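Only one structure is covered here, and it is reproduced in the block below.
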Amino acid sequence: MQDLSLHILDVVENSITAGARNIEIIVSEDAGKDLLTIEISDDGKGMDEEFVQKVLDPFITTRTERRVGLGLSLFAESARMSNGHLRIRSNKLGGTKITALFQHSHIDRRPMGDLGSTLMTLIAGNPQIDFVYRHTRDGRRFELDSKELKERLPNKSLASTEGLKLLRKELKTNLLEFLHTAWPGAHKLRDQK
Amino acid sequence: MPKLTLDDLKKMRESSRKNLSLREGNFRGKLIVHLGTCGIAAGARGIVDTFLEQFDEMEVSDIMFATTGCAGLCSEEPMITVELGDSAPVKYGKLTPEKAIKILEEHVLGGSIVKNLALGVGSERAG
Ligand SMILES: Nc1ncnc2c1ncn2[C@@H]1O[C@H](COP(=O)(O)OP(=O)(O)O)[C@@H](O)[C@H]1O
Ligand SMILES: [Mg+2]
């Protein structure tokens with residue numbers, strides 16, 4: 001995967017395949033601690049402990065189950081490359097939380113990529129799932145709740161033409177603006193205007 | 001095939017809408033992008049972007065947009081499946097945004113399969 005937004009899309013696709021109805025994606029950037037955290041939680045069917053161990057061990061994959069573990073081990077590899085790691089908490093009765101930690105300034109940390117496009121793809125492609133997206137960057141915060149967006153629409157459908165327009169406005173305009181202005185120091189520049 | 005104008009497309013849509021039985025809700029068809037790991041790595045998200053932009057631009061409201069998991073053919077990614085009315089699903093592979101627009105115009109809206117880009121008719125599902 002070229003960037004973190006593509007990893008997020010891939011890992012959330014696992015949650016969808018696992019039958020999740022509610023998915024929460026939290027991105028936190030802390031310049032002071034030089035830490036970037038990506039957390040993905042779902043209420044899908046979950047995994048048992050033994051399986052969780054297996055999923056992150058690239059050496060246990062045999063040829064017949066070659067594809068098992070691909071997406072998550074790639075994400076873990078990306079985290080390790082930038083001095084971080086991946087953590088999986090799951091319950092066989094349901095619910096999974098994937099946490100990836102990165103050293104923010106690390107030269108090998110993959111760029112964030114197009115988060116708006118990832119969220120647009122997830123929400124437009126799965127309008128029946130409730131997504132919460134929260135992004136904090138040094139005290140500033142962007143939040144999107146797809147259920148709340150749905151309520152704002154006359155036909156209550158994010159898959160409709162109006163729904164897609166609203167999503168586009170939130171993700172291609174508002175989120176982008178947040179990402180462009182929320183760098184430490186960048187908002188000072190903006191406030192001077 | 002000459003390039004279709006927006007008006008041509010709207011007319012075609014009007015007529016095909018009457019001819020096809022409705023399979024789900026108000027939609028006369030479904031456009032599905034496969035989002036397995038290989039698909040995503042090969043550019044499937046860009047194909048989603050393209051379709052959603054075109055849906056907006058062409059005011060497509062009678063086709064359901066959807067995403068699904070891996071189609072089981074990593075070497076053909078990015079892949080999509082087109083399902084219109086009661087016709088057998090058609091799969092397309094190795095997509096680029098340009099090919100995606102062609103398929104949207106000629107097959108999804110125009111009703112004729114883009115033969116030189118189609119992988120096969122019918123649905124095979126793997127992991
Ligand atoms: N959120 C989740 N909930 C339940 N099971 C999961 C979740 N994420 C991953 N898994 C399990 O771990 C396996 C490996 O995931 P992954 O590394 O993404 O590879 P793939 O999706 O190609 O199988 C999945 O097939 C699935 O069984
Ligand atoms: Mg996966």
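If you're wondering about the labels, chains in the structure tokens are A, B, ... by order shown, residues count from 1 in each chain, ligands from 1 in order shown.
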
Problem set entry | Distance filter 9 Å around ligand 2, atoms: only C-alpha atoms and all ligand atoms, out as a VMD selection string | (chain A and resid 10 to 15 17 67 to 72) or (chain B and resid 36 to 37 69 to 70)

How about saving the chosen residues, N, CA, C and O atoms kept, as a PDB file, in the first residue's frame?
ATOM      1  N   ASP A  10      -8.378  -0.748   3.470  1.00  0.00           N
ATOM      2  CA  ASP A  10      -8.214  -2.196   3.444  1.00  0.00           C
ATOM      3  C   ASP A  10      -8.615  -2.834   4.781  1.00  0.00           C
ATOM      4  O   ASP A  10      -9.312  -3.853   4.814  1.00  0.00           O
ATOM      5  N   VAL A  11      -8.183  -2.227   5.879  1.00  0.00           N
ATOM      6  CA  VAL A  11      -8.462  -2.796   7.200  1.00  0.00           C
ATOM      7  C   VAL A  11      -9.951  -2.649   7.553  1.00  0.00           C
ATOM      8  O   VAL A  11     -10.549  -3.547   8.146  1.00  0.00           O
ATOM      9  N   VAL A  12     -10.561  -1.527   7.145  1.00  0.00           N
ATOM     10  CA  VAL A  12     -11.995  -1.364   7.411  1.00  0.00           C
ATOM     11  C   VAL A  12     -12.817  -2.335   6.554  1.00  0.00           C
ATOM     12  O   VAL A  12     -13.871  -2.801   6.976  1.00  0.00           O
ATOM     13  N   GLU A  13     -12.304  -2.676   5.380  1.00  0.00           N
ATOM     14  CA  GLU A  13     -12.996  -3.692   4.569  1.00  0.00           C
ATOM     15  C   GLU A  13     -13.080  -5.018   5.340  1.00  0.00           C
ATOM     16  O   GLU A  13     -14.049  -5.748   5.195  1.00  0.00           O
ATOM     17  N   ASN A  14     -12.085  -5.330   6.160  1.00  0.00           N
ATOM     18  CA  ASN A  14     -12.161  -6.525   7.013  1.00  0.00           C
ATOM     19  C   ASN A  14     -13.351  -6.429   7.970  1.00  0.00           C
ATOM     20  O   ASN A  14     -14.069  -7.406   8.180  1.00  0.00           O
ATOM     21  N   SER A  15     -13.519  -5.246   8.577  1.00  0.00           N
ATOM     22  CA  SER A  15     -14.629  -5.040   9.521  1.00  0.00           C
ATOM     23  C   SER A  15     -15.961  -5.261   8.817  1.00  0.00           C
ATOM     24  O   SER A  15     -16.882  -5.862   9.378  1.00  0.00           O
ATOM     25  N   THR A  17     -16.509  -7.065   6.073  1.00  0.00           N
ATOM     26  CA  THR A  17     -16.632  -8.503   5.790  1.00  0.00           C
ATOM     27  C   THR A  17     -17.042  -9.258   7.057  1.00  0.00           C
ATOM     28  O   THR A  17     -17.767 -10.251   6.986  1.00  0.00           O
ATOM     29  N   ARG A  67      -3.378 -16.076   1.298  1.00  0.00           N
ATOM     30  CA  ARG A  67      -4.006 -14.772   1.347  1.00  0.00           C
ATOM     31  C   ARG A  67      -4.389 -14.372   2.768  1.00  0.00           C
ATOM     32  O   ARG A  67      -4.571 -13.203   3.043  1.00  0.00           O
ATOM     33  N   VAL A  68      -4.523 -15.356   3.639  1.00  0.00           N
ATOM     34  CA  VAL A  68      -4.875 -15.018   5.015  1.00  0.00           C
ATOM     35  C   VAL A  68      -3.751 -14.208   5.637  1.00  0.00           C
ATOM     36  O   VAL A  68      -2.583 -14.594   5.573  1.00  0.00           O
ATOM     37  N   GLY A  69      -4.110 -13.086   6.211  1.00  0.00           N
ATOM     38  CA  GLY A  69      -3.101 -12.298   6.891  1.00  0.00           C
ATOM     39  C   GLY A  69      -2.430 -11.249   6.022  1.00  0.00           C
ATOM     40  O   GLY A  69      -1.641 -10.457   6.516  1.00  0.00           O
ATOM     41  N   LEU A  70      -2.738 -11.179   4.767  1.00  0.00           N
ATOM     42  CA  LEU A  70      -2.051 -10.245   3.886  1.00  0.00           C
ATOM     43  C   LEU A  70      -2.260  -8.783   4.290  1.00  0.00           C
ATOM     44  O   LEU A  70      -1.296  -8.064   4.531  1.00  0.00           O
ATOM     45  N   GLY A  71      -3.522  -8.362   4.371  1.00  0.00           N
ATOM     46  CA  GLY A  71      -3.804  -6.946   4.637  1.00  0.00           C
ATOM     47  C   GLY A  71      -3.277  -6.480   5.979  1.00  0.00           C
ATOM     48  O   GLY A  71      -2.622  -5.434   6.075  1.00  0.00           O
ATOM     49  N   LEU A  72      -3.539  -7.258   7.024  1.00  0.00           N
ATOM     50  CA  LEU A  72      -3.102  -6.860   8.360  1.00  0.00           C
ATOM     51  C   LEU A  72      -1.592  -6.930   8.506  1.00  0.00           C
ATOM     52  O   LEU A  72      -0.986  -6.081   9.154  1.00  0.00           O
TER      53      LEU A  72
ATOM     54  N   GLY B  36     -10.898  -5.877  -2.410  1.00  0.00           N
ATOM     55  CA  GLY B  36      -9.963  -6.740  -1.667  1.00  0.00           C
ATOM     56  C   GLY B  36      -8.612  -6.038  -1.592  1.00  0.00           C
ATOM     57  O   GLY B  36      -8.413  -4.991  -2.214  1.00  0.00           O
ATOM     58  N   THR B  37      -7.691  -6.630  -0.849  1.00  0.00           N
ATOM     59  CA  THR B  37      -6.366  -6.004  -0.688  1.00  0.00           C
ATOM     60  C   THR B  37      -5.680  -5.779  -2.046  1.00  0.00           C
ATOM     61  O   THR B  37      -5.143  -4.700  -2.307  1.00  0.00           O
ATOM     62  N   GLY B  69     -16.086  -7.368  -1.437  1.00  0.00           N
ATOM     63  CA  GLY B  69     -14.741  -7.868  -1.166  1.00  0.00           C
ATOM     64  C   GLY B  69     -14.019  -8.354  -2.411  1.00  0.00           C
ATOM     65  O   GLY B  69     -14.398  -8.068  -3.546  1.00  0.00           O
ATOM     66  N   CYS B  70     -12.998  -9.116  -2.157  1.00  0.00           N
ATOM     67  CA  CYS B  70     -12.117  -9.641  -3.191  1.00  0.00           C
ATOM     68  C   CYS B  70     -12.893 -10.470  -4.213  1.00  0.00           C
ATOM     69  O   CYS B  70     -13.778 -11.230  -3.867  1.00  0.00           O
TER      70      CYS B  70
END

For this session: Pull out every residue of chain B sitting within 6 Å of chain A, counting only C-alpha atoms, and send them as an MDAnalysis selection string.
Result: chainID B and resid 37 41 66:67

Expected file: the selected residues, N, CA, C and O atoms, as an mmCIF file, in the first residue's frame:
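In the end it all went to selection_35.cif:
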data_model
loop_
_atom_site.group_PDB
_atom_site.id
_atom_site.type_symbol
_atom_site.label_atom_id
_atom_site.label_comp_id
_atom_site.auth_asym_id
_atom_site.auth_seq_id
_atom_site.Cartn_x
_atom_site.Cartn_y
_atom_site.Cartn_z
ATOM 1 N N THR B 37 -7.691 -6.630 -0.849
ATOM 2 C CA THR B 37 -6.366 -6.004 -0.688
ATOM 3 C C THR B 37 -5.680 -5.779 -2.046
ATOM 4 O O THR B 37 -5.143 -4.700 -2.307
ATOM 5 N N ALA B 41 -4.674 -2.155 -3.659
ATOM 6 C CA ALA B 41 -3.278 -1.865 -4.024
ATOM 7 C C ALA B 41 -3.156 -1.530 -5.511
ATOM 8 O O ALA B 41 -2.278 -0.779 -5.916
ATOM 9 N N ALA B 66 -22.214 0.143 -5.283
ATOM 10 C CA ALA B 66 -21.878 -0.699 -4.133
ATOM 11 C C ALA B 66 -20.423 -1.133 -4.191
ATOM 12 O O ALA B 66 -19.777 -1.061 -5.243
ATOM 13 N N THR B 67 -19.908 -1.569 -3.063
ATOM 14 C CA THR B 67 -18.560 -2.146 -3.040
ATOM 15 C C THR B 67 -18.662 -3.515 -2.382
ATOM 16 O O THR B 67 -19.582 -3.796 -1.638
#

For this session: Provide the atom CA of Phe75 of chain A to atom CA of Leu119 of chain A distance in Å, to one decimal place.
Result: 17.7 Å

For this session: Find the residues around Arg87 of chain A up to 8 Å (only C-alpha atoms counted), leave out those fewer than 6 positions away in its own chain, and share them as a PyMOL selection string.
Result: chain A and resi 98-100

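Candidate residues A:Leu93, A:Leu115, A:Val52, A:Ala76 were compared for distance to Phe178 of chain A, and the nearest is A:Leu115, using only C-alpha atoms.
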
Exercise. Skipping near chain neighbours, those fewer than 4 positions away, what residues fall within 8 Å of segment 77-82 of chain B using only C-alpha atoms, listed as a VMD selection string?
Worked result: chain B and resid 29 to 34 38 to 40 42 to 44 47 71 73 89 to 96 108

Write out as a compact mmCIF listing (two decimals) with N, CA, C and O atoms, in the first residue's frame all residues of segment 13-189 of chain A that DSSP puts in strand (DSSP E) for this structure's backbone.
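Saved result, result.txt, follows:
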# COMPACT_ATOMS: atom_id res chain seq x y z
N ASN A 22 -21.39 -1.01 13.10
CA ASN A 22 -20.82 0.26 13.58
C ASN A 22 -19.31 0.20 13.49
O ASN A 22 -18.70 -0.76 13.99
N ILE A 23 -18.73 1.22 12.86
CA ILE A 23 -17.28 1.25 12.70
C ILE A 23 -16.77 2.63 13.09
O ILE A 23 -17.34 3.65 12.69
N GLU A 24 -15.72 2.63 13.91
CA GLU A 24 -15.15 3.90 14.35
C GLU A 24 -13.70 3.97 13.90
O GLU A 24 -12.94 3.03 14.11
N ILE A 25 -13.35 5.08 13.27
CA ILE A 25 -11.97 5.27 12.79
C ILE A 25 -11.43 6.52 13.47
O ILE A 25 -12.03 7.60 13.34
N ILE A 26 -10.35 6.36 14.21
CA ILE A 26 -9.79 7.51 14.92
C ILE A 26 -8.33 7.70 14.51
O ILE A 26 -7.52 6.78 14.62
N VAL A 27 -8.03 8.88 14.02
CA VAL A 27 -6.65 9.22 13.67
C VAL A 27 -6.20 10.33 14.61
O VAL A 27 -6.87 11.36 14.72
N SER A 28 -5.11 10.12 15.33
CA SER A 28 -4.60 11.16 16.23
C SER A 28 -3.16 11.47 15.88
O SER A 28 -2.34 10.56 15.79
N GLU A 29 -2.90 12.74 15.73
CA GLU A 29 -1.54 13.18 15.43
C GLU A 29 -1.08 14.09 16.56
O GLU A 29 -1.72 15.08 16.86
N ASP A 30 0.03 13.71 17.18
CA ASP A 30 0.54 14.47 18.31
C ASP A 30 2.00 14.83 18.03
O ASP A 30 2.88 13.98 18.13
N LEU A 35 3.94 11.30 17.61
CA LEU A 35 3.19 10.04 17.52
C LEU A 35 1.97 10.19 16.60
O LEU A 35 1.24 11.18 16.66
N LEU A 36 1.81 9.19 15.76
CA LEU A 36 0.61 9.11 14.92
C LEU A 36 -0.08 7.79 15.26
O LEU A 36 0.55 6.73 15.24
N THR A 37 -1.35 7.87 15.61
CA THR A 37 -2.09 6.66 15.98
C THR A 37 -3.31 6.51 15.08
O THR A 37 -4.03 7.47 14.86
N ILE A 38 -3.52 5.31 14.58
CA ILE A 38 -4.72 5.01 13.81
C ILE A 38 -5.43 3.86 14.52
O ILE A 38 -4.82 2.82 14.79
N GLU A 39 -6.70 4.09 14.85
CA GLU A 39 -7.44 3.10 15.61
C GLU A 39 -8.74 2.79 14.86
O GLU A 39 -9.49 3.69 14.53
N ILE A 40 -8.97 1.51 14.62
CA ILE A 40 -10.18 1.11 13.90
C ILE A 40 -10.93 0.09 14.76
O ILE A 40 -10.40 -0.98 15.08
N SER A 41 -12.16 0.44 15.17
CA SER A 41 -12.94 -0.48 16.01
C SER A 41 -14.22 -0.85 15.30
O SER A 41 -14.83 -0.03 14.62
N ASP A 42 -14.63 -2.09 15.48
CA ASP A 42 -15.89 -2.52 14.88
C ASP A 42 -16.63 -3.46 15.81
O ASP A 42 -16.08 -3.95 16.79
N HIS A 85 4.23 -0.02 15.85
CA HIS A 85 3.75 -1.40 15.80
C HIS A 85 2.23 -1.45 15.69
O HIS A 85 1.56 -0.43 15.80
N LEU A 86 1.73 -2.65 15.48
CA LEU A 86 0.29 -2.86 15.32
C LEU A 86 -0.20 -3.74 16.47
O LEU A 86 0.46 -4.70 16.84
N ARG A 87 -1.38 -3.40 16.98
CA ARG A 87 -1.95 -4.16 18.08
C ARG A 87 -3.35 -4.59 17.69
O ARG A 87 -4.10 -3.82 17.11
N ILE A 88 -3.69 -5.82 17.97
CA ILE A 88 -5.05 -6.29 17.67
C ILE A 88 -5.71 -6.76 18.97
O ILE A 88 -5.15 -7.58 19.69
N ARG A 89 -6.87 -6.20 19.25
CA ARG A 89 -7.67 -6.69 20.38
C ARG A 89 -8.96 -7.20 19.77
O ARG A 89 -9.62 -6.48 19.03
N SER A 90 -9.30 -8.45 20.08
CA SER A 90 -10.53 -8.96 19.50
C SER A 90 -11.20 -9.90 20.47
O SER A 90 -10.56 -10.46 21.37
N THR A 96 -13.77 -5.96 17.38
CA THR A 96 -12.33 -5.96 17.11
C THR A 96 -11.82 -4.53 17.14
O THR A 96 -12.51 -3.62 16.69
N LYS A 97 -10.62 -4.36 17.69
CA LYS A 97 -9.99 -3.05 17.64
C LYS A 97 -8.56 -3.20 17.15
O LYS A 97 -7.77 -3.96 17.72
N ILE A 98 -8.26 -2.52 16.06
CA ILE A 98 -6.91 -2.55 15.48
C ILE A 98 -6.27 -1.20 15.79
O ILE A 98 -6.85 -0.16 15.46
N THR A 99 -5.11 -1.20 16.40
CA THR A 99 -4.42 0.06 16.69
C THR A 99 -3.04 0.03 16.06
O THR A 99 -2.27 -0.90 16.29
N ALA A 100 -2.75 1.03 15.24
CA ALA A 100 -1.42 1.13 14.62
C ALA A 100 -0.75 2.40 15.11
O ALA A 100 -1.36 3.47 15.11
N LEU A 101 0.49 2.23 15.56
CA LEU A 101 1.25 3.39 16.06
C LEU A 101 2.43 3.64 15.14
O LEU A 101 3.07 2.69 14.67
N PHE A 102 2.71 4.91 14.88
CA PHE A 102 3.81 5.31 14.01
C PHE A 102 4.59 6.45 14.64
O PHE A 102 3.99 7.30 15.30
N GLN A 103 5.89 6.49 14.41
CA GLN A 103 6.63 7.69 14.78
C GLN A 103 6.33 8.72 13.68
O GLN A 103 6.66 8.52 12.51
N ASP A 130 -23.02 2.43 10.16
CA ASP A 130 -22.77 3.72 10.80
C ASP A 130 -21.28 3.89 11.04
O ASP A 130 -20.66 3.10 11.75
N PHE A 131 -20.74 4.93 10.41
CA PHE A 131 -19.31 5.23 10.54
C PHE A 131 -19.11 6.48 11.39
O PHE A 131 -19.81 7.48 11.19
N VAL A 132 -18.14 6.41 12.29
CA VAL A 132 -17.72 7.62 13.00
C VAL A 132 -16.25 7.82 12.66
O VAL A 132 -15.46 6.87 12.73
N TYR A 133 -15.91 9.02 12.23
CA TYR A 133 -14.52 9.34 11.92
C TYR A 133 -14.09 10.52 12.77
O TYR A 133 -14.77 11.55 12.81
N ARG A 134 -13.00 10.37 13.47
CA ARG A 134 -12.50 11.44 14.31
C ARG A 134 -11.02 11.63 14.03
O ARG A 134 -10.27 10.65 14.00
N HIS A 135 -10.65 12.86 13.78
CA HIS A 135 -9.24 13.14 13.48
C HIS A 135 -8.80 14.31 14.35
O HIS A 135 -9.39 15.38 14.30
N THR A 136 -7.78 14.07 15.17
CA THR A 136 -7.28 15.18 15.97
C THR A 136 -5.82 15.44 15.59
O THR A 136 -5.07 14.53 15.27
N ARG A 137 -5.50 16.70 15.56
CA ARG A 137 -4.14 17.10 15.23
C ARG A 137 -3.79 18.25 16.15
O ARG A 137 -4.29 19.35 15.98
N ARG A 140 -6.65 20.32 17.55
CA ARG A 140 -7.75 20.60 16.64
C ARG A 140 -8.43 19.29 16.28
O ARG A 140 -7.83 18.23 16.35
N ARG A 141 -9.69 19.39 15.86
CA ARG A 141 -10.45 18.18 15.74
C ARG A 141 -11.45 18.24 14.58
O ARG A 141 -12.10 19.26 14.37
N PHE A 142 -11.53 17.17 13.84
CA PHE A 142 -12.55 17.03 12.79
C PHE A 142 -13.35 15.79 13.13
O PHE A 142 -12.79 14.76 13.49
N GLU A 143 -14.66 15.87 13.04
CA GLU A 143 -15.47 14.70 13.36
C GLU A 143 -16.61 14.54 12.38
O GLU A 143 -17.22 15.52 11.96
N LEU A 144 -16.86 13.30 12.00
CA LEU A 144 -17.96 13.02 11.09
C LEU A 144 -18.69 11.78 11.58
O LEU A 144 -18.06 10.79 11.95
N ASP A 145 -20.01 11.87 11.61
CA ASP A 145 -20.83 10.75 12.06
C ASP A 145 -21.85 10.49 10.96
O ASP A 145 -22.71 11.32 10.71

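Those residues in segment 89-128 of chain A carrying a DSSP assignment of helix (DSSP H, G or I), computed from the backbone, are Leu115, Gly116, Ser117, Thr118, Leu119, Met120, Thr121, Leu122, Ile123, Ala124 and Gly125 of chain A.
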
Put those residues in a file: N, CA, C and O atoms, as a PDB file, in the first residue's frame.
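Generated file (out28.pdb):
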ATOM      1  N   LEU A 115      -7.441  10.743   2.623  1.00  0.00           N
ATOM      2  CA  LEU A 115      -8.389  10.233   3.615  1.00  0.00           C
ATOM      3  C   LEU A 115      -9.831  10.464   3.169  1.00  0.00           C
ATOM      4  O   LEU A 115     -10.709   9.641   3.418  1.00  0.00           O
ATOM      5  N   GLY A 116     -10.080  11.591   2.511  1.00  0.00           N
ATOM      6  CA  GLY A 116     -11.426  11.910   2.043  1.00  0.00           C
ATOM      7  C   GLY A 116     -11.936  10.845   1.081  1.00  0.00           C
ATOM      8  O   GLY A 116     -13.081  10.397   1.167  1.00  0.00           O
ATOM      9  N   SER A 117     -11.063  10.416   0.185  1.00  0.00           N
ATOM     10  CA  SER A 117     -11.452   9.411  -0.794  1.00  0.00           C
ATOM     11  C   SER A 117     -11.727   8.063  -0.116  1.00  0.00           C
ATOM     12  O   SER A 117     -12.682   7.352  -0.465  1.00  0.00           O
ATOM     13  N   THR A 118     -10.908   7.712   0.875  1.00  0.00           N
ATOM     14  CA  THR A 118     -11.142   6.464   1.619  1.00  0.00           C
ATOM     15  C   THR A 118     -12.493   6.502   2.330  1.00  0.00           C
ATOM     16  O   THR A 118     -13.283   5.548   2.255  1.00  0.00           O
ATOM     17  N   LEU A 119     -12.798   7.620   2.988  1.00  0.00           N
ATOM     18  CA  LEU A 119     -14.061   7.702   3.740  1.00  0.00           C
ATOM     19  C   LEU A 119     -15.260   7.745   2.809  1.00  0.00           C
ATOM     20  O   LEU A 119     -16.298   7.130   3.066  1.00  0.00           O
ATOM     21  N   MET A 120     -15.117   8.474   1.698  1.00  0.00           N
ATOM     22  CA  MET A 120     -16.180   8.547   0.693  1.00  0.00           C
ATOM     23  C   MET A 120     -16.488   7.136   0.169  1.00  0.00           C
ATOM     24  O   MET A 120     -17.636   6.733   0.049  1.00  0.00           O
ATOM     25  N   THR A 121     -15.431   6.390  -0.136  1.00  0.00           N
ATOM     26  CA  THR A 121     -15.574   5.024  -0.644  1.00  0.00           C
ATOM     27  C   THR A 121     -16.281   4.139   0.382  1.00  0.00           C
ATOM     28  O   THR A 121     -17.197   3.381   0.046  1.00  0.00           O
ATOM     29  N   LEU A 122     -15.868   4.243   1.636  1.00  0.00           N
ATOM     30  CA  LEU A 122     -16.454   3.403   2.682  1.00  0.00           C
ATOM     31  C   LEU A 122     -17.922   3.739   2.920  1.00  0.00           C
ATOM     32  O   LEU A 122     -18.772   2.845   2.985  1.00  0.00           O
ATOM     33  N   ILE A 123     -18.223   5.030   3.049  1.00  0.00           N
ATOM     34  CA  ILE A 123     -19.588   5.416   3.413  1.00  0.00           C
ATOM     35  C   ILE A 123     -20.540   5.252   2.224  1.00  0.00           C
ATOM     36  O   ILE A 123     -21.623   4.692   2.370  1.00  0.00           O
ATOM     37  N   ALA A 124     -20.115   5.707   1.048  1.00  0.00           N
ATOM     38  CA  ALA A 124     -20.995   5.578  -0.127  1.00  0.00           C
ATOM     39  C   ALA A 124     -21.194   4.109  -0.494  1.00  0.00           C
ATOM     40  O   ALA A 124     -22.259   3.712  -0.957  1.00  0.00           O
ATOM     41  N   GLY A 125     -20.173   3.293  -0.267  1.00  0.00           N
ATOM     42  CA  GLY A 125     -20.266   1.876  -0.625  1.00  0.00           C
ATOM     43  C   GLY A 125     -21.019   1.042   0.394  1.00  0.00           C
ATOM     44  O   GLY A 125     -21.422  -0.075   0.114  1.00  0.00           O
TER      45      GLY A 125
END
